Amino acid sequence: MDKQKYRMNCTLTFSDIYGQIVIWLMVIFISLASALSLWSAARQIYAMATVGLILVLSLPFLLFAFVTTLLNHIEFVPLEVNETTSSSTNKHRNQKVEPATV
């Protein structure tokens, strides 16, 4: 009984998470704007607590979005019988790299 071998490919690109980063940056800037609106001599602690609360509450959502996006872009491709990972890595090792000319 032969065991099937698989190759793991990750197709994640920066454009896949770019929107998530932009939205989280907007959340940070909104929290800083709200902190500045609360900033006064008597309410400095409220301003800092607002920024901390928004960041602490938004980090789990950001982490969840990143992890689910990453998991959605991982695929397992079955290898052929004659194809192995060691032969594919040896191909890359035996290639000659020519120096760049300036």
# chains A, B, ... in the order shown; residues from 1 in each chain; ligands from 1
call {"tool": "residues_around", "arguments": {"residues": "region 43-57 of chain A", "least_positions_apart": "6", "cutoff": "8 Å", "atoms": "only C-alpha atoms", "output": "PyMOL selection string"}}
result
chain A and resi 27-28+31-32+34-37
call {"tool": "write_last_selection", "arguments": {"atoms": "C-alpha atoms", "output": "PDB file, in the first residue's frame"}}
result
ATOM      1  CA  VAL A  27      -9.277  52.056  12.798  1.00  0.00           C
ATOM      2  CA  ILE A  28      -6.022  53.219  14.369  1.00  0.00           C
ATOM      3  CA  SER A  31      -8.965  55.836  17.644  1.00  0.00           C
ATOM      4  CA  LEU A  32      -6.227  58.464  17.718  1.00  0.00           C
ATOM      5  CA  SER A  34     -11.113  60.111  19.340  1.00  0.00           C
ATOM      6  CA  ALA A  35      -8.271  60.255  21.854  1.00  0.00           C
ATOM      7  CA  LEU A  36      -7.375  63.755  20.736  1.00  0.00           C
ATOM      8  CA  SER A  37     -11.001  64.827  21.084  1.00  0.00           C
TER       9      SER A  37
END
call {"tool": "residues_around", "arguments": {"residues": "Thr13 (chain A)", "least_positions_apart": "3", "cutoff": "12 Å", "atoms": "only C-alpha atoms", "output": "PyMOL selection string"}}
result
chain A and resi 10+16-19+66+69-70+72-74
call {"tool": "closest_residue", "arguments": {"among": "A:Leu25, A:Ala42, A:Val77, A:Asn82", "to": "Tyr6 (chain A)", "atoms": "only C-alpha atoms"}}
result
A:Val77
call {"tool": "atom_distance", "arguments": {"atom1": "CA of Met26 (chain A)", "atom2": "CA of Leu63 (chain A)"}}
result
16.0 Å
call {"tool": "select_by_dssp", "arguments": {"residues": "region 1-72 of chain A", "states": "alpha helix (DSSP H)", "output": "ChimeraX atom specification"}}
result
/A:14-38,44-72
call {"tool": "write_last_selection", "arguments": {"atoms": "N, CA and C atoms", "output": "compact mmCIF listing (two decimals), in the first residue's frame"}}
result
# COMPACT_ATOMS: atom_id res chain seq x y z
N PHE A 14 0.58 39.96 -1.42
CA PHE A 14 0.34 41.16 -0.61
C PHE A 14 -1.01 41.78 -0.93
N SER A 15 -1.43 41.68 -2.17
CA SER A 15 -2.71 42.29 -2.55
C SER A 15 -3.89 41.59 -1.88
N ASP A 16 -3.70 40.36 -1.41
CA ASP A 16 -4.78 39.65 -0.72
C ASP A 16 -5.06 40.24 0.66
N ILE A 17 -4.04 40.79 1.31
CA ILE A 17 -4.24 41.33 2.65
C ILE A 17 -4.16 42.85 2.69
N TYR A 18 -3.97 43.47 1.52
CA TYR A 18 -3.81 44.92 1.47
C TYR A 18 -5.04 45.63 2.02
N GLY A 19 -6.22 45.20 1.65
CA GLY A 19 -7.45 45.83 2.13
C GLY A 19 -7.60 45.73 3.64
N GLN A 20 -7.21 44.59 4.20
CA GLN A 20 -7.29 44.42 5.65
C GLN A 20 -6.36 45.38 6.37
N ILE A 21 -5.18 45.59 5.81
CA ILE A 21 -4.21 46.51 6.42
C ILE A 21 -4.73 47.94 6.37
N VAL A 22 -5.30 48.32 5.23
CA VAL A 22 -5.83 49.68 5.09
C VAL A 22 -6.97 49.92 6.07
N ILE A 23 -7.86 48.97 6.22
CA ILE A 23 -8.99 49.13 7.15
C ILE A 23 -8.48 49.23 8.58
N TRP A 24 -7.49 48.39 8.94
CA TRP A 24 -6.99 48.46 10.31
C TRP A 24 -6.26 49.78 10.56
N LEU A 25 -5.56 50.31 9.56
CA LEU A 25 -4.93 51.62 9.73
C LEU A 25 -5.98 52.71 9.93
N MET A 26 -7.11 52.60 9.24
CA MET A 26 -8.19 53.56 9.45
C MET A 26 -8.73 53.45 10.88
N VAL A 27 -8.83 52.24 11.41
CA VAL A 27 -9.28 52.06 12.80
C VAL A 27 -8.31 52.73 13.76
N ILE A 28 -7.02 52.59 13.50
CA ILE A 28 -6.02 53.22 14.37
C ILE A 28 -6.14 54.73 14.31
N PHE A 29 -6.28 55.29 13.12
CA PHE A 29 -6.38 56.75 13.01
C PHE A 29 -7.68 57.28 13.63
N ILE A 30 -8.76 56.53 13.52
CA ILE A 30 -10.01 56.95 14.17
C ILE A 30 -9.87 56.92 15.69
N SER A 31 -9.16 55.89 16.19
CA SER A 31 -8.96 55.84 17.64
C SER A 31 -8.07 56.97 18.13
N LEU A 32 -7.07 57.33 17.33
CA LEU A 32 -6.23 58.46 17.72
C LEU A 32 -7.01 59.78 17.65
N ALA A 33 -7.89 59.91 16.66
CA ALA A 33 -8.72 61.11 16.57
C ALA A 33 -9.66 61.21 17.76
N SER A 34 -10.23 60.08 18.16
CA SER A 34 -11.11 60.11 19.34
C SER A 34 -10.33 60.41 20.61
N ALA A 35 -9.10 59.95 20.67
CA ALA A 35 -8.27 60.25 21.85
C ALA A 35 -7.94 61.74 21.90
N LEU A 36 -7.66 62.32 20.74
CA LEU A 36 -7.38 63.76 20.74
C LEU A 36 -8.61 64.58 21.10
N SER A 37 -9.78 64.08 20.72
CA SER A 37 -11.00 64.83 21.08
C SER A 37 -11.27 64.74 22.59
N LEU A 38 -10.84 63.69 23.24
CA LEU A 38 -11.02 63.56 24.68
C LEU A 38 -9.88 64.19 25.49
N GLN A 44 -7.10 63.03 30.50
CA GLN A 44 -6.01 62.38 29.76
C GLN A 44 -6.07 60.87 29.89
N ILE A 45 -6.45 60.38 31.03
CA ILE A 45 -6.52 58.94 31.24
C ILE A 45 -7.63 58.32 30.39
N TYR A 46 -8.72 59.06 30.18
CA TYR A 46 -9.79 58.55 29.31
C TYR A 46 -9.34 58.46 27.86
N ALA A 47 -8.55 59.42 27.44
CA ALA A 47 -8.05 59.42 26.06
C ALA A 47 -7.14 58.21 25.83
N MET A 48 -6.25 57.95 26.75
CA MET A 48 -5.35 56.81 26.60
C MET A 48 -6.11 55.49 26.71
N ALA A 49 -7.10 55.45 27.59
CA ALA A 49 -7.91 54.24 27.72
C ALA A 49 -8.71 53.97 26.46
N THR A 50 -9.17 55.02 25.79
CA THR A 50 -9.91 54.85 24.54
C THR A 50 -9.03 54.24 23.46
N VAL A 51 -7.82 54.75 23.32
CA VAL A 51 -6.90 54.19 22.32
C VAL A 51 -6.58 52.73 22.67
N GLY A 52 -6.28 52.46 23.90
CA GLY A 52 -5.97 51.09 24.31
C GLY A 52 -7.13 50.14 24.11
N LEU A 53 -8.32 50.58 24.44
CA LEU A 53 -9.50 49.74 24.29
C LEU A 53 -9.78 49.42 22.82
N ILE A 54 -9.67 50.42 21.96
CA ILE A 54 -9.92 50.19 20.53
C ILE A 54 -8.87 49.26 19.95
N LEU A 55 -7.61 49.44 20.32
CA LEU A 55 -6.56 48.56 19.80
C LEU A 55 -6.71 47.13 20.32
N VAL A 56 -7.02 46.99 21.58
CA VAL A 56 -7.17 45.64 22.16
C VAL A 56 -8.38 44.93 21.56
N LEU A 57 -9.45 45.65 21.31
CA LEU A 57 -10.64 45.02 20.73
C LEU A 57 -10.49 44.74 19.24
N SER A 58 -9.65 45.51 18.53
CA SER A 58 -9.53 45.30 17.08
C SER A 58 -8.45 44.27 16.73
N LEU A 59 -7.49 44.05 17.59
CA LEU A 59 -6.42 43.09 17.28
C LEU A 59 -6.92 41.66 17.06
N PRO A 60 -7.83 41.12 17.86
CA PRO A 60 -8.31 39.76 17.57
C PRO A 60 -9.01 39.64 16.22
N PHE A 61 -9.76 40.67 15.81
CA PHE A 61 -10.41 40.64 14.52
C PHE A 61 -9.39 40.69 13.39
N LEU A 62 -8.34 41.51 13.58
CA LEU A 62 -7.29 41.59 12.57
C LEU A 62 -6.56 40.26 12.46
N LEU A 63 -6.24 39.65 13.58
CA LEU A 63 -5.57 38.35 13.57
C LEU A 63 -6.44 37.28 12.92
N PHE A 64 -7.72 37.27 13.23
CA PHE A 64 -8.63 36.31 12.63
C PHE A 64 -8.70 36.51 11.11
N ALA A 65 -8.75 37.75 10.67
CA ALA A 65 -8.81 38.02 9.23
C ALA A 65 -7.53 37.56 8.53
N PHE A 66 -6.38 37.83 9.13
CA PHE A 66 -5.11 37.40 8.52
C PHE A 66 -5.01 35.89 8.46
N VAL A 67 -5.34 35.22 9.54
CA VAL A 67 -5.19 33.76 9.60
C VAL A 67 -6.16 33.08 8.63
N THR A 68 -7.40 33.53 8.58
CA THR A 68 -8.34 32.90 7.66
C THR A 68 -7.96 33.16 6.21
N THR A 69 -7.43 34.35 5.91
CA THR A 69 -6.97 34.63 4.55
C THR A 69 -5.80 33.73 4.20
N LEU A 70 -4.88 33.55 5.12
CA LEU A 70 -3.74 32.67 4.87
C LEU A 70 -4.19 31.24 4.66
N LEU A 71 -5.08 30.75 5.50
CA LEU A 71 -5.54 29.37 5.35
C LEU A 71 -6.32 29.16 4.06
N ASN A 72 -7.00 30.18 3.59
CA ASN A 72 -7.71 30.05 2.32
C ASN A 72 -6.77 30.00 1.12
